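As provided, final.cif (mmCIF, C-alpha atoms; chains and numbers go by the auth columns) reads as follows.
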```
data_model
loop_
_atom_site.group_PDB
_atom_site.id
_atom_site.type_symbol
_atom_site.label_atom_id
_atom_site.label_comp_id
_atom_site.label_asym_id
_atom_site.label_seq_id
_atom_site.Cartn_x
_atom_site.Cartn_y
_atom_site.Cartn_z
_atom_site.B_iso_or_equiv
_atom_site.auth_seq_id
_atom_site.auth_asym_id
ATOM 1 C CA MET A 1 41.481 -48.368 11.471 0.00 1 N
ATOM 2 C CA LEU A 2 40.825 -51.314 9.206 0.00 2 N
ATOM 3 C CA LEU A 3 37.694 -51.163 7.082 0.00 3 N
ATOM 4 C CA LYS A 4 36.515 -54.522 8.443 0.00 4 N
ATOM 5 C CA ASP A 5 36.610 -53.088 11.988 0.00 5 N
ATOM 6 C CA ILE A 6 34.641 -50.015 10.899 0.00 6 N
ATOM 7 C CA ILE A 7 32.035 -52.254 9.272 0.00 7 N
ATOM 8 C CA GLU A 8 31.693 -54.269 12.460 0.00 8 N
ATOM 9 C CA LYS A 9 31.661 -51.390 14.950 0.00 9 N
ATOM 10 C CA LEU A 10 29.187 -49.285 12.951 0.00 10 N
ATOM 11 C CA GLU A 11 27.067 -52.334 12.081 0.00 11 N
ATOM 12 C CA LEU A 12 27.139 -51.451 8.398 0.00 12 N
ATOM 13 C CA LYS A 13 25.288 -53.623 5.920 0.00 13 N
ATOM 14 C CA VAL A 14 27.699 -55.029 3.338 0.00 14 N
ATOM 15 C CA LEU A 15 26.273 -54.889 -0.181 0.00 15 N
ATOM 16 C CA ASN A 16 29.566 -55.638 -1.926 0.00 16 N
ATOM 17 C CA LEU A 17 32.771 -56.497 -0.114 0.00 17 N
ATOM 18 C CA ALA A 18 36.146 -55.673 -1.596 0.00 18 N
ATOM 19 C CA ASN A 19 39.371 -55.065 0.343 0.00 19 N
ATOM 20 C CA GLU A 20 38.228 -55.116 3.958 0.00 20 N
ATOM 21 C CA ASN A 21 41.831 -54.907 5.225 0.00 21 N
ATOM 22 C CA VAL A 22 42.462 -51.392 3.917 0.00 22 N
ATOM 23 C CA ASP A 23 43.521 -48.890 6.588 0.00 23 N
ATOM 24 C CA VAL A 24 41.029 -46.002 6.718 0.00 24 N
ATOM 25 C CA LYS A 25 42.146 -42.690 8.203 0.00 25 N
ATOM 26 C CA ASP A 26 39.582 -40.287 6.759 0.00 26 N
ATOM 27 C CA ALA A 27 36.205 -39.928 5.086 0.00 27 N
ATOM 28 C CA TYR A 28 34.474 -37.590 2.661 0.00 28 N
ATOM 29 C CA ALA A 29 30.763 -36.757 2.770 0.00 29 N
ATOM 30 C CA SER A 30 29.081 -35.283 -0.297 0.00 30 N
ATOM 31 C CA ASP A 31 26.268 -35.971 -2.716 0.00 31 N
ATOM 32 C CA LEU A 32 27.741 -33.864 -5.510 0.00 32 N
ATOM 33 C CA LEU A 33 29.723 -36.176 -7.789 0.00 33 N
ATOM 34 C CA SER A 34 31.965 -33.448 -9.190 0.00 34 N
ATOM 35 C CA ASP A 35 32.851 -32.413 -5.628 0.00 35 N
ATOM 36 C CA VAL A 36 33.875 -35.958 -4.728 0.00 36 N
ATOM 37 C CA MET A 37 35.873 -36.306 -7.938 0.00 37 N
ATOM 38 C CA GLY A 38 37.734 -33.082 -7.233 0.00 38 N
ATOM 39 C CA LYS A 39 38.309 -33.252 -3.491 0.00 39 N
ATOM 40 C CA SER A 40 38.204 -36.831 -2.177 0.00 40 N
ATOM 41 C CA LYS A 41 41.454 -38.691 -1.628 0.00 41 N
ATOM 42 C CA ALA A 42 42.489 -42.310 -2.082 0.00 42 N
ATOM 43 C CA GLY A 43 41.738 -44.483 0.926 0.00 43 N
ATOM 44 C CA GLN A 44 38.831 -42.390 2.191 0.00 44 N
ATOM 45 C CA ILE A 45 35.326 -43.676 2.812 0.00 45 N
ATOM 46 C CA TRP A 46 32.723 -41.759 0.808 0.00 46 N
ATOM 47 C CA ILE A 47 29.395 -41.080 2.530 0.00 47 N
ATOM 48 C CA THR A 48 26.457 -40.306 0.221 0.00 48 N
ATOM 49 C CA LEU A 49 22.819 -40.897 -0.584 0.00 49 N
ATOM 50 C CA GLN A 50 23.590 -41.451 -4.282 0.00 50 N
ATOM 51 C CA THR A 51 22.938 -44.974 -5.586 0.00 51 N
ATOM 52 C CA HIS A 52 23.662 -44.930 -9.322 0.00 52 N
ATOM 53 C CA LYS A 53 26.502 -46.428 -11.364 0.00 53 N
ATOM 54 C CA ASN A 54 28.579 -43.241 -11.363 0.00 54 N
ATOM 55 C CA VAL A 55 29.153 -43.729 -7.625 0.00 55 N
ATOM 56 C CA SER A 56 31.068 -46.966 -8.126 0.00 56 N
ATOM 57 C CA ALA A 57 32.893 -45.430 -11.096 0.00 57 N
ATOM 58 C CA ILE A 58 34.132 -42.534 -8.953 0.00 58 N
ATOM 59 C CA CYS A 59 35.095 -44.886 -6.118 0.00 59 N
ATOM 60 C CA SER A 60 37.174 -46.890 -8.533 0.00 60 N
ATOM 61 C CA LEU A 61 38.697 -43.827 -10.224 0.00 61 N
ATOM 62 C CA LYS A 62 39.646 -42.183 -6.909 0.00 62 N
ATOM 63 C CA ASP A 63 40.678 -45.472 -5.221 0.00 63 N
ATOM 64 C CA LEU A 64 38.314 -44.885 -2.308 0.00 64 N
ATOM 65 C CA ALA A 65 38.224 -47.504 0.459 0.00 65 N
ATOM 66 C CA ALA A 66 34.426 -47.804 0.368 0.00 66 N
ATOM 67 C CA VAL A 67 31.174 -45.969 -0.094 0.00 67 N
ATOM 68 C CA ILE A 68 28.510 -45.820 2.614 0.00 68 N
ATOM 69 C CA ILE A 69 25.001 -45.206 1.352 0.00 69 N
ATOM 70 C CA ILE A 70 22.947 -43.476 4.030 0.00 70 N
ATOM 71 C CA GLY A 71 19.276 -43.916 4.925 0.00 71 N
ATOM 72 C CA ASN A 72 19.272 -47.626 4.049 0.00 72 N
ATOM 73 C CA GLY A 73 19.718 -46.690 0.412 0.00 73 N
ATOM 74 C CA GLN A 74 19.969 -49.553 -2.046 0.00 74 N
ATOM 75 C CA PRO A 75 22.265 -49.262 -5.057 0.00 75 N
ATOM 76 C CA ASP A 76 20.824 -49.530 -8.532 0.00 76 N
ATOM 77 C CA PRO A 77 21.476 -53.009 -9.972 0.00 77 N
ATOM 78 C CA ASP A 78 23.947 -51.606 -12.520 0.00 78 N
ATOM 79 C CA MET A 79 25.850 -49.821 -9.742 0.00 79 N
ATOM 80 C CA LEU A 80 26.207 -53.022 -7.764 0.00 80 N
ATOM 81 C CA GLU A 81 27.278 -54.946 -10.852 0.00 81 N
ATOM 82 C CA HIS A 82 29.883 -52.293 -11.658 0.00 82 N
ATOM 83 C CA ALA A 83 31.062 -52.278 -8.023 0.00 83 N
ATOM 84 C CA LYS A 84 31.644 -56.030 -8.202 0.00 84 N
ATOM 85 C CA GLU A 85 33.579 -55.693 -11.468 0.00 85 N
ATOM 86 C CA GLU A 86 35.725 -52.848 -10.107 0.00 86 N
ATOM 87 C CA GLU A 87 36.090 -54.335 -6.599 0.00 87 N
ATOM 88 C CA VAL A 88 34.434 -51.376 -4.886 0.00 88 N
ATOM 89 C CA CYS A 89 33.208 -51.916 -1.331 0.00 89 N
ATOM 90 C CA VAL A 90 29.572 -50.788 -1.031 0.00 90 N
ATOM 91 C CA LEU A 91 28.026 -50.414 2.408 0.00 91 N
ATOM 92 C CA SER A 92 24.674 -49.198 3.703 0.00 92 N
ATOM 93 C CA THR A 93 23.418 -47.723 6.958 0.00 93 N
ATOM 94 C CA PRO A 94 20.047 -46.598 8.275 0.00 94 N
ATOM 95 C CA ASP A 95 21.788 -43.554 9.787 0.00 95 N
ATOM 96 C CA SER A 96 21.598 -40.030 8.448 0.00 96 N
ATOM 97 C CA CYS A 97 24.693 -38.400 6.992 0.00 97 N
ATOM 98 C CA PHE A 98 25.147 -36.369 10.178 0.00 98 N
ATOM 99 C CA ASN A 99 24.972 -39.412 12.455 0.00 99 N
ATOM 100 C CA ILE A 100 27.225 -41.728 10.454 0.00 100 N
ATOM 101 C CA CYS A 101 29.809 -38.966 9.990 0.00 101 N
ATOM 102 C CA GLY A 102 29.873 -38.396 13.751 0.00 102 N
ATOM 103 C CA LYS A 103 30.194 -42.102 14.519 0.00 103 N
ATOM 104 C CA LEU A 104 32.916 -42.561 11.922 0.00 104 N
ATOM 105 C CA TYR A 105 34.800 -39.514 13.196 0.00 105 N
ATOM 106 C CA GLU A 106 34.770 -40.883 16.739 0.00 106 N
ATOM 107 C CA LEU A 107 36.191 -44.201 15.507 0.00 107 N
ATOM 108 C CA ILE A 108 39.061 -42.928 13.387 0.00 108 N
ATOM 109 C CA LYS A 109 40.001 -39.538 14.878 0.00 109 N
#
```
How does this structure look as structure tokens?
Amino acid sequence: MLLKDIIEKLELKVLNLANENVDVKDAYASDLLSDVMGKSKAGQIWITLQTHKNVSAICSLKDLAAVIIIGNGQPDPDMLEHAKEEEVCVLSTPDSCFNICGKLYELIK
């Protein structure tokens, strides 16, 4: 499913838009940065509560489709600036990790 369709159907808040036409087939949920670095795969959406600059750095390094920050989290200003520089799509949702994972699973299974 295209990222732009996921954004629309899940009513995600767009904090930084990058390639919205990327085809998303999977996601990875974790708040442990080393876990995401070691186990996430290119093209996945990362679901986390983390909001600091290292999040956008990992997204860029791993070529992730986007990051969804749960609980209406707001990225630190330096994270958002880095995301813009690296063309990382940053999204936000009021949902919990459990709820957004379930909704995303139902969309792309």
Given the file above and the PyMOL selection byres ((chain N and resi 51-68) around 7), which residues are selected, and can you give them as a tab-separated table (two decimals) with C-alpha atoms, in the frame of the given file?
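Writing the result to out-v6.tsv gives the following:
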```tsv
chain	number	residue	atom	x	y	z
N	22	VAL	CA	42.46	-51.39	3.92
N	37	MET	CA	35.87	-36.31	-7.94
N	41	LYS	CA	41.45	-38.69	-1.63
N	42	ALA	CA	42.49	-42.31	-2.08
N	43	GLY	CA	41.74	-44.48	0.93
N	44	GLN	CA	38.83	-42.39	2.19
N	45	ILE	CA	35.33	-43.68	2.81
N	46	TRP	CA	32.72	-41.76	0.81
N	47	ILE	CA	29.40	-41.08	2.53
N	48	THR	CA	26.46	-40.31	0.22
N	49	LEU	CA	22.82	-40.90	-0.58
N	50	GLN	CA	23.59	-41.45	-4.28
N	69	ILE	CA	25.00	-45.21	1.35
N	70	ILE	CA	22.95	-43.48	4.03
N	74	GLN	CA	19.97	-49.55	-2.05
N	75	PRO	CA	22.26	-49.26	-5.06
N	76	ASP	CA	20.82	-49.53	-8.53
N	78	ASP	CA	23.95	-51.61	-12.52
N	79	MET	CA	25.85	-49.82	-9.74
N	82	HIS	CA	29.88	-52.29	-11.66
N	83	ALA	CA	31.06	-52.28	-8.02
N	86	GLU	CA	35.72	-52.85	-10.11
N	88	VAL	CA	34.43	-51.38	-4.89
N	89	CYS	CA	33.21	-51.92	-1.33
N	90	VAL	CA	29.57	-50.79	-1.03
N	91	LEU	CA	28.03	-50.41	2.41
N	92	SER	CA	24.67	-49.20	3.70
N	93	THR	CA	23.42	-47.72	6.96
```
Inset, instruction - Please indicate the distance in Å from CA of Leu3 in chain N to CA of Asn19 in chain N, rounded to one decimal place. - result: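 About the pair CA of Leu3 in chain N and CA of Asn19 in chain N: they are 8.0 Å apart.
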Inset, instruction - Just say which residues the PyMOL selection byres ((chain N and resi 23) around 6) picks in this file, as a list in words. - result: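 Taken over the shown coordinates, the PyMOL selection byres ((chain N and resi 23) around 6) returns Met1, Leu2, Val22 and Val24 of chain N.
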Legend entry - Nearest residue to Asp5 in chain N from the set N:Glu20, N:Tyr105, N:Gly71, N:Asp95 (distances using only C-alpha atoms):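 Comparing N:Glu20, N:Tyr105, N:Gly71, N:Asp95 against Asp5 in chain N, the winner is N:Glu20.
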Inset, instruction - Tell me which of N:Cys101, N:Lys84, N:Lys109, N:Pro94 sits closest to Glu11 in chain N, counting all atoms listed in the file. - result: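 Between N:Cys101, N:Lys84, N:Lys109, N:Pro94, the residue approaching Glu11 in chain N most closely is N:Pro94.
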Inset, instruction - Extract, using only C-alpha atoms, all DNA, RNA and protein residues at most 9 Å from Leu107 in chain N, discarding same-chain residues fewer than 5 positions from it, and format them as a ChimeraX atom specification. - result: /N:1,6,9,102
Output file for the residues above (C-alpha atoms, as a compact mmCIF listing (two decimals), in the frame of the given file):
```
# COMPACT_ATOMS: atom_id res chain seq x y z
CA MET N 1 41.48 -48.37 11.47
CA ILE N 6 34.64 -50.02 10.90
CA LYS N 9 31.66 -51.39 14.95
CA GLY N 102 29.87 -38.40 13.75
```
Inset, instruction - Record the distance separating CA of Ile108 in chain N and CA of Gly73 in chain N, expressed in Å with one decimal. - result: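 Between CA of Ile108 in chain N and CA of Gly73 in chain N the gap works out to 23.6 Å.
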Inset, instruction - Calculate how many Å separate CA of Ala18 in chain N from CA of Glu85 in chain N, rounding to one decimal. - result: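 One can read the CA of Ala18 in chain N to CA of Glu85 in chain N distance as 10.2 Å.
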Padding of 5 Å on every side, edges along x, y and z, all listed atoms of range 82-94 of chain N included: what centre and edge lengths in Å, to one decimal, does that box have, as lines of an AutoDock Vina configuration file?
```
center_x = 28.1
center_y = -51.3
center_z = -1.7
size_x = 26.0
size_y = 19.4
size_z = 29.9
```
Inset, instruction - Name the residues in contact with Lys39 in chain N at a cut-off of 9 Å, using all atoms listed in the file, excluding same-chain residues fewer than 4 positions from it; report them as a list in words. - result: Tyr28, Ser34 and Asp35 of chain N
Residue subset to file, keeping C-alpha atoms, as a PDB file, keeping the file's coordinate frame:
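This went into again-v3.pdb:
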```
ATOM      1  CA  TYR N  28      34.474 -37.590   2.661  1.00  0.00           C
ATOM      2  CA  SER N  34      31.965 -33.448  -9.190  1.00  0.00           C
ATOM      3  CA  ASP N  35      32.851 -32.413  -5.628  1.00  0.00           C
TER       4      ASP N  35
END
```
Inset, instruction - Determine the nearest neighbour of Ala27 in chain N from the options N:Leu10, N:Ser96, N:Ser40, N:Asn72, counting all atoms listed in the file. - result: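 Under the stated criterion, the closest residue is N:Ser40.
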Inset, instruction - Tell me which of N:Lys103, N:Ser30, N:Lys4, N:Pro77 sits closest to Leu17 in chain N, counting only C-alpha atoms. - result: N:Lys4
Missing atoms of range 23-50 of chain N rebuilt to N, CA and C atoms, written as a compact mmCIF listing (two decimals), keeping the file's coordinate frame:
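Dumped to rebuild-v7.txt:
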```
# COMPACT_ATOMS: atom_id res chain seq x y z
N ASP N 23 43.44 -49.76 5.41
CA ASP N 23 43.52 -48.89 6.59
C ASP N 23 42.85 -47.55 6.25
N VAL N 24 41.80 -47.22 6.97
CA VAL N 24 41.03 -46.00 6.72
C VAL N 24 41.39 -44.96 7.77
N LYS N 25 41.77 -43.77 7.30
CA LYS N 25 42.15 -42.69 8.20
C LYS N 25 41.27 -41.46 8.04
N ASP N 26 40.36 -41.49 7.05
CA ASP N 26 39.58 -40.29 6.76
C ASP N 26 38.33 -40.67 5.97
N ALA N 27 37.43 -39.72 5.85
CA ALA N 27 36.20 -39.93 5.09
C ALA N 27 35.85 -38.64 4.37
N TYR N 28 34.95 -38.75 3.41
CA TYR N 28 34.47 -37.59 2.66
C TYR N 28 32.97 -37.74 2.48
N ALA N 29 32.22 -36.72 2.88
CA ALA N 29 30.76 -36.76 2.77
C ALA N 29 30.31 -35.72 1.76
N SER N 30 29.62 -36.18 0.71
CA SER N 30 29.08 -35.28 -0.30
C SER N 30 28.15 -36.07 -1.21
N ASP N 31 27.17 -35.37 -1.74
CA ASP N 31 26.27 -35.97 -2.72
C ASP N 31 26.51 -35.41 -4.11
N LEU N 32 27.42 -34.47 -4.23
CA LEU N 32 27.74 -33.86 -5.51
C LEU N 32 28.93 -34.60 -6.12
N LEU N 33 28.69 -35.32 -7.20
CA LEU N 33 29.72 -36.18 -7.79
C LEU N 33 30.97 -35.40 -8.19
N SER N 34 30.80 -34.23 -8.76
CA SER N 34 31.96 -33.45 -9.19
C SER N 34 32.80 -33.01 -7.98
N ASP N 35 32.15 -32.76 -6.86
CA ASP N 35 32.85 -32.41 -5.63
C ASP N 35 33.71 -33.58 -5.15
N VAL N 36 33.14 -34.76 -5.16
CA VAL N 36 33.88 -35.96 -4.73
C VAL N 36 35.04 -36.23 -5.68
N MET N 37 34.79 -36.09 -6.96
CA MET N 37 35.87 -36.31 -7.94
C MET N 37 37.02 -35.33 -7.72
N GLY N 38 36.71 -34.10 -7.37
CA GLY N 38 37.73 -33.08 -7.23
C GLY N 38 38.43 -33.05 -5.89
N LYS N 39 37.75 -33.48 -4.83
CA LYS N 39 38.31 -33.25 -3.49
C LYS N 39 38.57 -34.50 -2.65
N SER N 40 37.96 -35.62 -2.99
CA SER N 40 38.20 -36.83 -2.18
C SER N 40 39.61 -37.35 -2.45
N LYS N 41 40.10 -38.15 -1.51
CA LYS N 41 41.45 -38.69 -1.63
C LYS N 41 41.42 -40.21 -1.49
N ALA N 42 42.37 -40.85 -2.14
CA ALA N 42 42.49 -42.31 -2.08
C ALA N 42 42.49 -42.78 -0.63
N GLY N 43 41.78 -43.88 -0.40
CA GLY N 43 41.74 -44.48 0.93
C GLY N 43 40.62 -43.97 1.82
N GLN N 44 39.93 -42.92 1.39
CA GLN N 44 38.83 -42.39 2.19
C GLN N 44 37.58 -43.24 2.00
N ILE N 45 36.67 -43.13 2.96
CA ILE N 45 35.33 -43.68 2.81
C ILE N 45 34.43 -42.52 2.35
N TRP N 46 33.65 -42.77 1.33
CA TRP N 46 32.72 -41.76 0.81
C TRP N 46 31.35 -42.02 1.40
N ILE N 47 30.73 -40.99 1.95
CA ILE N 47 29.40 -41.08 2.53
C ILE N 47 28.44 -40.28 1.64
N THR N 48 27.37 -40.94 1.17
CA THR N 48 26.46 -40.31 0.22
C THR N 48 25.08 -40.96 0.25
N LEU N 49 24.13 -40.29 -0.37
CA LEU N 49 22.82 -40.90 -0.58
C LEU N 49 22.65 -41.36 -2.03
N GLN N 50 23.63 -41.07 -2.87
CA GLN N 50 23.59 -41.45 -4.28
C GLN N 50 23.69 -42.97 -4.42
```
